[in-house]
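Structure file start09.txt with compact mmCIF, C-alpha atoms and all ligand atoms:
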# COMPACT_ATOMS: atom_id res chain seq x y z
CA MET T 1 0.00 0.00 0.00
CA PRO T 2 1.36 3.48 -0.88
CA ALA T 3 2.36 5.76 2.02
CA LEU T 4 -0.41 8.04 3.28
CA PRO T 5 -0.25 11.57 1.84
CA ARG T 6 0.70 14.32 4.29
CA PHE T 7 0.03 18.03 4.62
CA GLU T 8 3.27 18.80 2.75
CA ASP T 9 1.80 16.97 -0.24
CA VAL T 10 -1.24 19.25 -0.12
CA VAL T 11 1.06 22.29 -0.09
CA ALA T 12 3.02 20.91 -3.06
CA ALA T 13 -0.25 20.22 -4.90
CA THR T 14 -1.38 23.81 -4.32
CA GLN T 15 1.74 25.03 -6.13
CA ARG T 16 1.42 22.40 -8.86
CA ILE T 17 -2.16 23.25 -9.83
CA ALA T 18 -1.82 27.04 -9.46
CA GLY T 19 -2.57 28.72 -12.77
CA HIS T 20 -4.58 25.69 -13.95
CA ALA T 21 -7.32 25.33 -11.33
CA HIS T 22 -9.43 28.32 -10.32
CA ARG T 23 -8.92 29.72 -6.86
CA THR T 24 -12.67 29.56 -6.14
CA PRO T 25 -14.38 32.26 -4.10
CA VAL T 26 -15.35 31.96 -0.44
CA LEU T 27 -18.99 33.05 -0.19
CA THR T 28 -20.92 34.28 2.81
CA SER T 29 -24.66 34.74 3.32
CA SER T 30 -26.32 36.80 6.03
CA THR T 31 -29.40 34.58 5.66
CA ALA T 32 -27.31 31.45 6.28
CA ASP T 33 -25.75 33.10 9.32
CA ALA T 34 -29.15 34.24 10.63
CA GLN T 35 -30.68 30.77 10.14
CA THR T 36 -27.86 28.96 11.93
CA GLY T 37 -26.57 31.56 14.42
CA ALA T 38 -23.05 30.80 13.14
CA SER T 39 -20.65 32.50 10.74
CA ILE T 40 -20.49 30.32 7.65
CA PHE T 41 -17.76 30.39 5.01
CA PHE T 42 -18.73 28.54 1.83
CA LYS T 43 -15.90 27.32 -0.42
CA ALA T 44 -17.60 27.36 -3.83
CA GLU T 45 -16.15 24.42 -5.77
CA ASN T 46 -19.29 24.44 -7.92
CA LEU T 47 -17.45 27.33 -9.60
CA GLN T 48 -14.29 25.25 -10.15
CA ARG T 49 -13.26 24.34 -13.71
CA MET T 50 -15.55 21.60 -15.09
CA GLY T 51 -17.89 22.32 -12.19
CA ALA T 52 -16.42 20.37 -9.27
CA PHE T 53 -13.37 20.02 -6.99
CA LYS T 54 -12.37 16.82 -8.89
CA PHE T 55 -10.31 18.92 -11.29
CA ARG T 56 -7.86 19.60 -8.44
CA GLY T 57 -7.00 15.95 -7.77
CA ALA T 58 -6.87 15.02 -11.46
CA MET T 59 -4.62 17.96 -12.33
CA ASN T 60 -2.26 17.19 -9.45
CA ALA T 61 -2.04 13.46 -10.25
CA LEU T 62 -1.53 14.00 -13.99
CA SER T 63 1.06 16.73 -13.44
CA ARG T 64 3.24 14.22 -11.62
CA LEU T 65 3.51 11.77 -14.54
CA ASP T 66 6.82 11.54 -16.37
CA ALA T 67 7.35 11.96 -20.13
CA THR T 68 6.88 8.24 -20.94
CA GLN T 69 3.68 8.04 -18.91
CA ARG T 70 2.35 11.24 -20.49
CA LYS T 71 2.91 9.85 -23.96
CA ALA T 72 0.96 6.66 -23.24
CA GLY T 73 -1.81 8.63 -21.52
CA VAL T 74 -4.22 7.95 -18.70
CA VAL T 75 -7.33 5.87 -18.14
CA ALA T 76 -10.17 6.40 -15.67
CA PHE T 77 -13.47 4.65 -15.05
CA SER T 78 -16.27 6.99 -14.10
CA SER T 79 -19.58 8.27 -15.38
CA GLY T 80 -19.41 11.42 -13.31
CA ASN T 81 -17.23 14.37 -12.46
CA HIS T 82 -13.98 12.37 -12.27
CA ALA T 83 -14.32 11.50 -15.99
CA GLN T 84 -14.61 15.15 -16.95
CA ALA T 85 -11.82 16.16 -14.58
CA VAL T 86 -9.35 13.62 -16.00
CA SER T 87 -10.32 14.50 -19.58
CA LEU T 88 -9.81 18.22 -19.04
CA ALA T 89 -6.56 17.85 -17.07
CA ALA T 90 -5.18 15.50 -19.75
CA ARG T 91 -6.08 17.92 -22.53
CA LEU T 92 -4.41 20.82 -20.73
CA LEU T 93 -1.27 18.73 -20.23
CA GLY T 94 -1.32 17.42 -23.80
CA MET T 95 -1.84 13.73 -23.06
CA PRO T 96 -4.48 11.27 -24.27
CA ALA T 97 -7.23 10.18 -21.86
CA THR T 98 -9.46 7.12 -22.10
CA ILE T 99 -12.61 7.05 -19.98
CA VAL T 100 -14.48 3.81 -19.31
CA MET T 101 -18.20 4.60 -19.00
CA PRO T 102 -21.33 2.44 -18.78
CA LEU T 103 -23.31 2.01 -22.03
CA ASP T 104 -26.30 3.65 -20.34
CA ALA T 105 -24.41 6.69 -19.00
CA PRO T 106 -26.42 9.91 -19.52
CA ALA T 107 -25.78 11.30 -23.01
CA ALA T 108 -24.96 14.71 -21.54
CA LYS T 109 -22.14 13.24 -19.46
CA VAL T 110 -20.69 11.31 -22.38
CA ALA T 111 -20.86 14.47 -24.50
CA ALA T 112 -19.20 16.56 -21.78
CA THR T 113 -16.38 14.03 -21.40
CA ARG T 114 -15.84 13.93 -25.17
CA GLY T 115 -16.05 17.72 -25.28
CA TYR T 116 -13.06 17.90 -22.94
CA GLY T 117 -11.17 15.60 -25.29
CA GLY T 118 -11.66 12.25 -23.50
CA ASN T 119 -11.85 9.06 -25.59
CA VAL T 120 -14.92 7.20 -24.26
CA VAL T 121 -14.94 3.38 -24.10
CA HIS T 122 -18.30 1.84 -23.18
CA TYR T 123 -18.97 -1.23 -21.09
CA ASP T 124 -22.09 -3.09 -20.03
CA ARG T 125 -22.54 -2.44 -16.35
CA TYR T 126 -24.63 -5.58 -15.88
CA THR T 127 -22.17 -8.05 -17.40
CA GLU T 128 -18.73 -6.41 -17.35
CA ASP T 129 -16.41 -5.21 -14.62
CA ARG T 130 -15.23 -1.66 -15.29
CA GLU T 131 -12.21 -1.95 -13.03
CA GLN T 132 -11.05 -4.97 -15.00
CA ILE T 133 -11.57 -3.14 -18.30
CA GLY T 134 -9.64 -0.15 -16.97
CA ARG T 135 -6.79 -2.33 -15.74
CA ASP T 136 -6.64 -4.26 -19.04
CA LEU T 137 -6.48 -1.04 -21.05
CA ALA T 138 -3.77 0.31 -18.76
CA GLU T 139 -1.72 -2.87 -19.08
CA ARG T 140 -2.13 -3.32 -22.81
CA HIS T 141 -1.29 0.26 -23.75
CA GLY T 142 0.99 1.28 -20.89
CA MET T 143 -1.58 3.83 -19.71
CA THR T 144 -1.68 5.04 -16.12
CA LEU T 145 -4.89 4.32 -14.23
CA ILE T 146 -6.15 7.36 -12.28
CA PRO T 147 -8.56 6.26 -9.53
CA PRO T 148 -11.30 8.67 -8.42
CA TYR T 149 -10.31 8.88 -4.76
CA ASP T 150 -7.93 6.23 -3.44
CA HIS T 151 -4.64 7.68 -4.63
CA PRO T 152 -2.18 9.88 -2.67
CA ASP T 153 -1.85 12.52 -5.42
CA VAL T 154 -5.61 12.69 -5.93
CA ILE T 155 -6.17 13.14 -2.17
CA ALA T 156 -3.46 15.81 -1.91
CA GLY T 157 -5.01 17.65 -4.85
CA GLN T 158 -8.50 17.56 -3.31
CA GLY T 159 -7.03 18.97 -0.09
CA THR T 160 -6.07 22.19 -1.87
CA ALA T 161 -9.65 23.55 -1.65
CA ALA T 162 -9.58 23.47 2.17
CA HIS T 163 -6.01 24.77 2.08
CA GLU T 164 -7.21 27.84 0.18
CA LEU T 165 -10.18 28.23 2.54
CA PHE T 166 -8.01 28.32 5.70
CA GLU T 167 -5.50 30.58 3.98
CA GLU T 168 -8.29 33.02 3.22
CA VAL T 169 -10.42 33.01 6.39
CA GLY T 170 -8.02 31.76 9.08
CA GLU T 171 -8.87 29.21 11.74
CA LEU T 172 -12.35 27.70 12.01
CA ASP T 173 -14.29 25.91 14.74
CA ALA T 174 -15.59 23.24 12.38
CA LEU T 175 -15.37 22.17 8.74
CA PHE T 176 -18.15 20.21 7.00
CA VAL T 177 -17.23 18.15 3.92
CA CYS T 178 -19.33 15.69 1.91
CA LEU T 179 -17.95 12.29 1.08
CA GLY T 180 -18.27 9.39 -1.29
CA GLY T 181 -14.98 7.51 -1.37
CA GLY T 182 -13.45 10.09 0.95
CA GLY T 183 -10.82 11.76 -1.26
CA LEU T 184 -12.13 15.26 -0.63
CA LEU T 185 -12.70 14.60 3.07
CA SER T 186 -9.29 13.06 3.75
CA GLY T 187 -7.47 15.81 1.82
CA SER T 188 -9.48 18.48 3.66
CA ALA T 189 -8.68 16.85 7.00
CA LEU T 190 -4.93 16.99 6.22
CA ALA T 191 -5.25 20.73 5.58
CA ALA T 192 -7.39 21.32 8.69
CA ARG T 193 -5.11 19.44 11.08
CA ALA T 194 -2.12 21.54 9.98
CA MET T 195 -3.73 24.93 9.43
CA SER T 196 -6.40 25.01 12.15
CA PRO T 197 -5.46 22.31 14.65
CA SER T 198 -8.51 22.69 16.93
CA CYS T 199 -11.00 22.71 14.02
CA LYS T 200 -13.47 19.82 14.16
CA VAL T 201 -13.70 18.02 10.82
CA TYR T 202 -17.01 16.40 9.94
CA GLY T 203 -17.85 14.19 6.97
CA VAL T 204 -21.37 14.14 5.57
CA GLU T 205 -22.91 11.32 3.52
CA PRO T 206 -26.41 10.41 2.35
CA GLU T 207 -28.66 8.65 4.86
CA ALA T 208 -29.20 5.80 2.36
CA GLY T 209 -25.46 5.14 2.05
CA ASN T 210 -23.84 5.62 5.46
CA ASP T 211 -20.97 3.19 4.87
CA ALA T 212 -18.37 5.69 6.15
CA GLN T 213 -20.27 6.24 9.39
CA GLN T 214 -20.53 2.46 9.80
CA SER T 215 -16.83 2.05 8.96
CA LEU T 216 -15.70 4.59 11.58
CA ARG T 217 -17.80 2.85 14.22
CA ALA T 218 -16.71 -0.65 13.22
CA GLY T 219 -13.03 0.25 12.91
CA HIS T 220 -12.78 -1.34 9.45
CA ILE T 221 -14.00 -0.55 5.93
CA VAL T 222 -17.66 -1.55 5.62
CA HIS T 223 -18.99 -2.38 2.12
CA ILE T 224 -22.62 -1.64 1.17
CA ASP T 225 -24.81 -2.05 -1.94
CA THR T 226 -24.98 0.99 -4.24
CA PRO T 227 -27.25 3.32 -2.24
CA LYS T 228 -30.45 4.83 -3.69
CA THR T 229 -30.04 8.58 -3.26
CA ILE T 230 -30.19 11.72 -5.40
CA ALA T 231 -26.60 12.44 -4.28
CA ASP T 232 -25.01 10.61 -7.22
CA GLY T 233 -21.49 11.78 -6.35
CA ALA T 234 -21.75 9.88 -3.06
CA GLN T 235 -23.10 6.55 -4.35
CA THR T 236 -19.84 4.80 -3.54
CA GLN T 237 -19.94 1.42 -1.85
CA HIS T 238 -16.91 1.76 0.40
CA LEU T 239 -14.03 3.97 1.54
CA GLY T 240 -10.51 3.43 0.21
CA GLN T 241 -7.41 1.77 1.65
CA ILE T 242 -5.77 5.21 1.82
CA THR T 243 -8.75 7.45 2.60
CA PHE T 244 -10.01 5.30 5.48
CA PRO T 245 -6.92 5.50 7.76
CA ILE T 246 -6.73 9.28 7.26
CA ILE T 247 -10.42 9.67 8.06
CA GLN T 248 -10.03 7.41 11.11
CA ARG T 249 -7.14 9.52 12.38
CA ASP T 250 -8.21 13.06 11.42
CA VAL T 251 -12.01 13.20 11.14
CA ASP T 252 -14.12 13.78 14.26
CA ASP T 253 -17.44 12.34 13.12
CA ILE T 254 -19.64 11.51 10.15
CA PHE T 255 -23.23 12.74 9.80
CA THR T 256 -25.96 11.70 7.40
CA VAL T 257 -28.57 13.73 5.51
CA SER T 258 -31.87 12.72 3.86
CA ASP T 259 -32.63 13.39 0.20
CA ASP T 260 -35.45 15.77 1.26
CA ALA T 261 -32.96 17.88 3.23
CA LEU T 262 -30.69 17.96 0.16
CA VAL T 263 -33.50 19.35 -1.99
CA ASP T 264 -34.29 22.01 0.66
CA THR T 265 -30.63 22.99 0.73
CA MET T 266 -30.35 23.13 -3.09
CA ARG T 267 -33.36 25.45 -3.04
CA PHE T 268 -31.68 27.61 -0.37
CA TYR T 269 -28.56 27.91 -2.52
CA ALA T 270 -30.61 28.91 -5.57
CA GLU T 271 -32.96 31.35 -3.86
CA ARG T 272 -30.66 32.96 -1.35
CA MET T 273 -27.16 32.64 -2.77
CA LYS T 274 -27.99 32.51 -6.50
CA ILE T 275 -25.86 29.42 -7.12
CA VAL T 276 -26.56 26.06 -8.76
CA VAL T 277 -25.40 23.22 -6.51
CA GLU T 278 -25.74 19.54 -7.39
CA PRO T 279 -27.39 17.21 -4.84
CA THR T 280 -24.06 15.84 -3.52
CA GLY T 281 -22.74 19.38 -3.18
CA ALA T 282 -25.61 20.22 -0.84
CA LEU T 283 -24.72 17.54 1.74
CA SER T 284 -22.32 19.66 3.82
CA PHE T 285 -24.60 22.63 4.47
CA ALA T 286 -27.64 20.38 4.93
CA ALA T 287 -25.79 18.81 7.88
CA VAL T 288 -24.95 22.24 9.30
CA ARG T 289 -28.61 23.28 9.13
CA ALA T 290 -29.68 20.10 10.92
CA ARG T 291 -27.42 20.79 13.90
CA ALA T 292 -27.49 24.59 14.03
CA ASP T 293 -28.38 24.43 17.75
CA THR T 294 -24.83 23.22 18.51
CA LEU T 295 -23.08 25.78 16.30
CA ALA T 296 -24.17 29.18 17.72
CA ARG T 297 -21.52 31.89 17.28
CA LYS T 298 -19.05 29.40 15.80
CA ARG T 299 -16.98 29.93 12.66
CA ILE T 300 -17.93 27.15 10.25
CA GLY T 301 -16.39 26.13 6.93
CA VAL T 302 -18.63 24.44 4.34
CA ILE T 303 -17.24 22.94 1.15
CA ILE T 304 -19.70 23.03 -1.75
CA SER T 305 -18.26 20.16 -3.79
CA GLY T 306 -19.86 20.71 -7.19
CA GLY T 307 -22.60 22.13 -9.40
CA ASN T 308 -22.98 19.61 -12.22
CA VAL T 309 -26.63 18.71 -12.47
CA ASP T 310 -28.69 18.31 -15.61
CA LEU T 311 -31.00 21.36 -15.72
CA LEU T 312 -34.17 19.35 -16.36
CA ARG T 313 -33.34 17.12 -13.40
CA TYR T 314 -32.54 20.18 -11.30
CA ALA T 315 -35.88 21.76 -12.16
CA SER T 316 -37.81 18.59 -11.40
CA LEU T 317 -36.03 18.11 -8.06
CA LEU T 318 -36.89 21.68 -7.02
CA THR T 319 -40.51 21.51 -8.18
CA PRO T 320 -42.79 20.60 -5.26
CA ALA T 321 -44.89 17.48 -5.84
CA PRO T 322 -48.48 18.50 -6.79
C1 LIG E 1 -16.75 12.86 -6.39
C2 LIG E 1 -17.64 13.84 -5.72
C3 LIG E 1 -17.91 13.78 -4.35
C4 LIG E 1 -17.31 12.71 -3.46
O1 LIG E 1 -15.92 12.83 -3.40
P1 LIG E 1 -15.00 11.67 -2.75
O2 LIG E 1 -13.62 12.19 -2.89
O3 LIG E 1 -15.24 10.42 -3.53
O4 LIG E 1 -15.44 11.52 -1.34
C5 LIG E 1 -18.70 14.75 -3.80
N1 LIG E 1 -19.26 15.74 -4.53
C6 LIG E 1 -19.04 15.83 -5.87
C7 LIG E 1 -19.69 16.94 -6.61
C8 LIG E 1 -18.22 14.89 -6.51
O5 LIG E 1 -18.01 14.99 -7.82

Step by step, read the file and then write its structure as structure tokens.
Ligand SMILES: *Cc1c(COP(=O)(O)O)cnc(C)c1O
Amino acid sequence: MPALPRFEDVVAATQRIAGHAHRTPVLTSSTADAQTGASIFFKAENLQRMGAFKFRGAMNALSRLDATQRKAGVVAFSSGNHAQAVSLAARLLGMPATIVMPLDAPAAKVAATRGYGGNVVHYDRYTEDREQIGRDLAERHGMTLIPPYDHPDVIAGQGTAAHELFEEVGELDALFVCLGGGGLLSGSALAARAMSPSCKVYGVEPEAGNDAQQSLRAGHIVHIDTPKTIADGAQTQHLGQITFPIIQRDVDDIFTVSDDALVDTMRFYAERMKIVVEPTGALSFAAVRARADTLARKRIGVIISGGNVDLLRYASLLTPAP
């Protein structure tokens, strides 16, 4: 198993991705503060390039490849933001990218991945194993496989968002971060432990898929079936071999949020803050709102992880049932 990434790796990643990734704004909202009694600082990764923090990890990991690896290119399996992040980072660095996507992936996502220059290879999700396809491609063509979360360079890259947040607003009492496989959460925790040592770090996952909460309590990685939730960025089945030990060491607790609370929070973001946030991106603030009674007068960081949601789906989620 590779060594766990450290805070120094987050700092190095910050320098490596500077000039490529946006330094996203930190937003505030007097309505959010009034509703919670806290001072909230929102790190708006929905405004990151390609619409999510995933560009940070992909750019950092790809930047570290040597000339031979760059020539052969990279491969990733994903139907979501990781696919677009790897495609865009590869294009910017002038290397080929192959993305393994299910045959029934939404057309918009396939188009977006191709639009960023990714070469899409389809597989049948009911009969084929995407990890095997990815590994075969990597082996046959000498490509480097870039996993979505369980990789030290990906984790260090994801940690740069929290690094920027602490740099900008100083120490915080608590930081809320959503999680699927835990790349963003573990990277954020590395930044928090070094830059704001007394800051509590909380992970937030969907109620239907609380494998990380179960894993922390059990003391080992718990596997679950793909959860049914609107938070598609958090439909992972388990934490990683690298993300789990960091979360165990550096994260204080994991909370869960219902899909209804996610919709309420997406509506809040649209109405009050004028921003489009995808369901997974709404997890962190939904958890803050649910425990506002414990957060009075505290300084709270909230990472908004992304804003990629099909507009028709967005509209239907926000339309109250008749
Ligand atoms: C991938 C993703 C997540 C989950 O990130 P992990 O590093 O797997 O925990 C959360 N939100 C969005 C928008 C994502 O794309």

Counting all atoms listed in the file, which protein, DNA or RNA residues come within 7 Å of ligand LIG 1 (chain E), given as a PDB file with C-alpha atoms, in the frame of the given file?
ATOM      1  CA  ALA T  52     -16.420  20.370  -9.270  1.00  0.00           C
ATOM      2  CA  PHE T  53     -13.370  20.020  -6.990  1.00  0.00           C
ATOM      3  CA  LYS T  54     -12.370  16.820  -8.890  1.00  0.00           C
ATOM      4  CA  GLY T  80     -19.410  11.420 -13.310  1.00  0.00           C
ATOM      5  CA  ASN T  81     -17.230  14.370 -12.460  1.00  0.00           C
ATOM      6  CA  HIS T  82     -13.980  12.370 -12.270  1.00  0.00           C
ATOM      7  CA  PRO T 148     -11.300   8.670  -8.420  1.00  0.00           C
ATOM      8  CA  TYR T 149     -10.310   8.880  -4.760  1.00  0.00           C
ATOM      9  CA  CYS T 178     -19.330  15.690   1.910  1.00  0.00           C
ATOM     10  CA  LEU T 179     -17.950  12.290   1.080  1.00  0.00           C
ATOM     11  CA  GLY T 180     -18.270   9.390  -1.290  1.00  0.00           C
ATOM     12  CA  GLY T 181     -14.980   7.510  -1.370  1.00  0.00           C
ATOM     13  CA  GLY T 182     -13.450  10.090   0.950  1.00  0.00           C
ATOM     14  CA  GLY T 183     -10.820  11.760  -1.260  1.00  0.00           C
ATOM     15  CA  LEU T 184     -12.130  15.260  -0.630  1.00  0.00           C
ATOM     16  CA  LEU T 185     -12.700  14.600   3.070  1.00  0.00           C
ATOM     17  CA  GLY T 233     -21.490  11.780  -6.350  1.00  0.00           C
ATOM     18  CA  ALA T 234     -21.750   9.880  -3.060  1.00  0.00           C
ATOM     19  CA  GLU T 278     -25.740  19.540  -7.390  1.00  0.00           C
ATOM     20  CA  THR T 280     -24.060  15.840  -3.520  1.00  0.00           C
ATOM     21  CA  GLY T 281     -22.740  19.380  -3.180  1.00  0.00           C
ATOM     22  CA  SER T 305     -18.260  20.160  -3.790  1.00  0.00           C
ATOM     23  CA  GLY T 306     -19.860  20.710  -7.190  1.00  0.00           C
ATOM     24  CA  GLY T 307     -22.600  22.130  -9.400  1.00  0.00           C
TER      25      GLY T 307
END

Padded axis-aligned box of range 197-201 of chain T (8 Å per side), centre and edge lengths, Å, one decimal, as JSON:
{"center_x": -9.6, "center_y": 20.4, "center_z": 13.9, "size_x": 24.2, "size_y": 20.7, "size_z": 22.1}

Contacts between range 91-108 of chain T and range 141-192 of chain T, please, where a residue of range 141-192 of chain T counts if it comes within 12 Å (with all atoms listed in the file); show its shortest atom pair and distance in Å to one decimal, rows by chain and ascending number, as JSON lines.
{"residue": "T:His141", "atom": "CA", "partner": "T:Thr98", "partner_atom": "CA", "distance": 10.8}
{"residue": "T:Gly142", "atom": "CA", "partner": "T:Pro96", "partner_atom": "CA", "distance": 11.9}
{"residue": "T:Met143", "atom": "CA", "partner": "T:Ala97", "partner_atom": "CA", "distance": 8.8}
{"residue": "T:Thr144", "atom": "CA", "partner": "T:Ala97", "partner_atom": "CA", "distance": 9.5}
{"residue": "T:Leu145", "atom": "CA", "partner": "T:Thr98", "partner_atom": "CA", "distance": 9.5}
{"residue": "T:Ile146", "atom": "CA", "partner": "T:Ala97", "partner_atom": "CA", "distance": 10.0}
{"residue": "T:Pro147", "atom": "CA", "partner": "T:Ile99", "partner_atom": "CA", "distance": 11.2}
{"residue": "T:Pro148", "atom": "CA", "partner": "T:Ile99", "partner_atom": "CA", "distance": 11.7}

Could you please take those selected residues and save C-alpha atoms as a PDB file, in the coordinates of the input?
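Just written: result.pdb:
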ATOM      1  CA  HIS T 141      -1.290   0.260 -23.750  1.00  0.00           C
ATOM      2  CA  GLY T 142       0.990   1.280 -20.890  1.00  0.00           C
ATOM      3  CA  MET T 143      -1.580   3.830 -19.710  1.00  0.00           C
ATOM      4  CA  THR T 144      -1.680   5.040 -16.120  1.00  0.00           C
ATOM      5  CA  LEU T 145      -4.890   4.320 -14.230  1.00  0.00           C
ATOM      6  CA  ILE T 146      -6.150   7.360 -12.280  1.00  0.00           C
ATOM      7  CA  PRO T 147      -8.560   6.260  -9.530  1.00  0.00           C
ATOM      8  CA  PRO T 148     -11.300   8.670  -8.420  1.00  0.00           C
TER       9      PRO T 148
END

> Quick one: distance from CA of Lys298 in chain T to CA of Ile40 in chain T in Å, one decimal?
Replying inline: 8.3 Å

> Pick the closest to Ile17 in chain T from T:Leu216, T:Leu62, T:Leu295, T:Val302: which is it, counting only C-alpha atoms?
Replying inline: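 Comparing T:Leu216, T:Leu62, T:Leu295, T:Val302 against Ile17 in chain T, the winner is T:Leu62.
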
> Taking into account only C-alpha atoms, which residue in the set T:Thr226, T:Ser78, T:Gln35, T:Gln84 is nearest to Met50 in chain T?
Replying inline: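 Checking each of T:Thr226, T:Ser78, T:Gln35, T:Gln84 against Met50 in chain T, counting only C-alpha atoms, the winner is T:Gln84.
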
>> Calculated over only C-alpha atoms, which of the candidates T:Ala89, T:Val74, T:Val10, T:Val154 has the smallest distance to Ala61 in chain T?
In response: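 Comparing T:Ala89, T:Val74, T:Val10, T:Val154 against Ala61 in chain T, the winner is T:Val154.
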
> Of the residues T:Gln15, T:Ser79, T:Ser188, T:Thr36, which is the one nearest to Phe285 in chain T, using all atoms listed in the file?
Replying inline: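 Distance minimum relative to Phe285 in chain T lands on T:Thr36.
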
>> Using only C-alpha atoms - which residues lie no farther than 12 Å from the point (-7.3, 6.8, 7.5) in the file's frame? Write them as an NGL selection string.
In response: :T and (3-6 or 150 or 152 or 155 or 181-183 or 185-187 or 189-190 or 212 or 215-216 or 219-221 or 239-252)

Please write the residues from the selection above to a file, keeping C-alpha atoms, as a PDB file, in the frame of the given file.
ATOM      1  CA  ALA T   3       2.360   5.760   2.020  1.00  0.00           C
ATOM      2  CA  LEU T   4      -0.410   8.040   3.280  1.00  0.00           C
ATOM      3  CA  PRO T   5      -0.250  11.570   1.840  1.00  0.00           C
ATOM      4  CA  ARG T   6       0.700  14.320   4.290  1.00  0.00           C
ATOM      5  CA  ASP T 150      -7.930   6.230  -3.440  1.00  0.00           C
ATOM      6  CA  PRO T 152      -2.180   9.880  -2.670  1.00  0.00           C
ATOM      7  CA  ILE T 155      -6.170  13.140  -2.170  1.00  0.00           C
ATOM      8  CA  GLY T 181     -14.980   7.510  -1.370  1.00  0.00           C
ATOM      9  CA  GLY T 182     -13.450  10.090   0.950  1.00  0.00           C
ATOM     10  CA  GLY T 183     -10.820  11.760  -1.260  1.00  0.00           C
ATOM     11  CA  LEU T 185     -12.700  14.600   3.070  1.00  0.00           C
ATOM     12  CA  SER T 186      -9.290  13.060   3.750  1.00  0.00           C
ATOM     13  CA  GLY T 187      -7.470  15.810   1.820  1.00  0.00           C
ATOM     14  CA  ALA T 189      -8.680  16.850   7.000  1.00  0.00           C
ATOM     15  CA  LEU T 190      -4.930  16.990   6.220  1.00  0.00           C
ATOM     16  CA  ALA T 212     -18.370   5.690   6.150  1.00  0.00           C
ATOM     17  CA  SER T 215     -16.830   2.050   8.960  1.00  0.00           C
ATOM     18  CA  LEU T 216     -15.700   4.590  11.580  1.00  0.00           C
ATOM     19  CA  GLY T 219     -13.030   0.250  12.910  1.00  0.00           C
ATOM     20  CA  HIS T 220     -12.780  -1.340   9.450  1.00  0.00           C
ATOM     21  CA  ILE T 221     -14.000  -0.550   5.930  1.00  0.00           C
ATOM     22  CA  LEU T 239     -14.030   3.970   1.540  1.00  0.00           C
ATOM     23  CA  GLY T 240     -10.510   3.430   0.210  1.00  0.00           C
ATOM     24  CA  GLN T 241      -7.410   1.770   1.650  1.00  0.00           C
ATOM     25  CA  ILE T 242      -5.770   5.210   1.820  1.00  0.00           C
ATOM     26  CA  THR T 243      -8.750   7.450   2.600  1.00  0.00           C
ATOM     27  CA  PHE T 244     -10.010   5.300   5.480  1.00  0.00           C
ATOM     28  CA  PRO T 245      -6.920   5.500   7.760  1.00  0.00           C
ATOM     29  CA  ILE T 246      -6.730   9.280   7.260  1.00  0.00           C
ATOM     30  CA  ILE T 247     -10.420   9.670   8.060  1.00  0.00           C
ATOM     31  CA  GLN T 248     -10.030   7.410  11.110  1.00  0.00           C
ATOM     32  CA  ARG T 249      -7.140   9.520  12.380  1.00  0.00           C
ATOM     33  CA  ASP T 250      -8.210  13.060  11.420  1.00  0.00           C
ATOM     34  CA  VAL T 251     -12.010  13.200  11.140  1.00  0.00           C
ATOM     35  CA  ASP T 252     -14.120  13.780  14.260  1.00  0.00           C
TER      36      ASP T 252
END

Might you pull out every residue within 9 Å of Val26 in chain T, with only C-alpha atoms counted and same-chain residues fewer than 4 positions away left off, and present them as a PDB file with C-alpha atoms, in the coordinates of the input?
ATOM      1  CA  PHE T  41     -17.760  30.390   5.010  1.00  0.00           C
ATOM      2  CA  PHE T  42     -18.730  28.540   1.830  1.00  0.00           C
ATOM      3  CA  LYS T  43     -15.900  27.320  -0.420  1.00  0.00           C
ATOM      4  CA  ALA T  44     -17.600  27.360  -3.830  1.00  0.00           C
ATOM      5  CA  LEU T 165     -10.180  28.230   2.540  1.00  0.00           C
ATOM      6  CA  GLU T 168      -8.290  33.020   3.220  1.00  0.00           C
ATOM      7  CA  VAL T 169     -10.420  33.010   6.390  1.00  0.00           C
TER       8      VAL T 169
END

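If you count all atoms listed in the file and draw a sphere of 6 Å around (-4.5, 27.4, 9.2), the protein and nucleic acid residues inside it come out as T:Phe166, T:Gly170, T:Glu171, T:Met195, T:Ser196.
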
> For Phe7 in chain T, which of T:Ala192, T:Ala174, T:Val120, T:Ala111 is the closest residue, counting all atoms listed in the file?
Replying inline: T:Ala192

> Can you list, as a list of chain:residue names, every protein, DNA or RNA residue that comes within 8 Å of range 264-272 of chain T when you count only C-alpha atoms, leaving out same-chain residues fewer than 2 positions away?
Replying inline: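 Final neighbour list, sorted by chain and number: T:Ser29, T:Thr31, T:Asp260, T:Ala261, T:Leu262, T:Lys274, T:Ile275, T:Val276, T:Val277, T:Glu278, T:Pro279, T:Ala282, T:Phe285, T:Ala286, T:Leu318.
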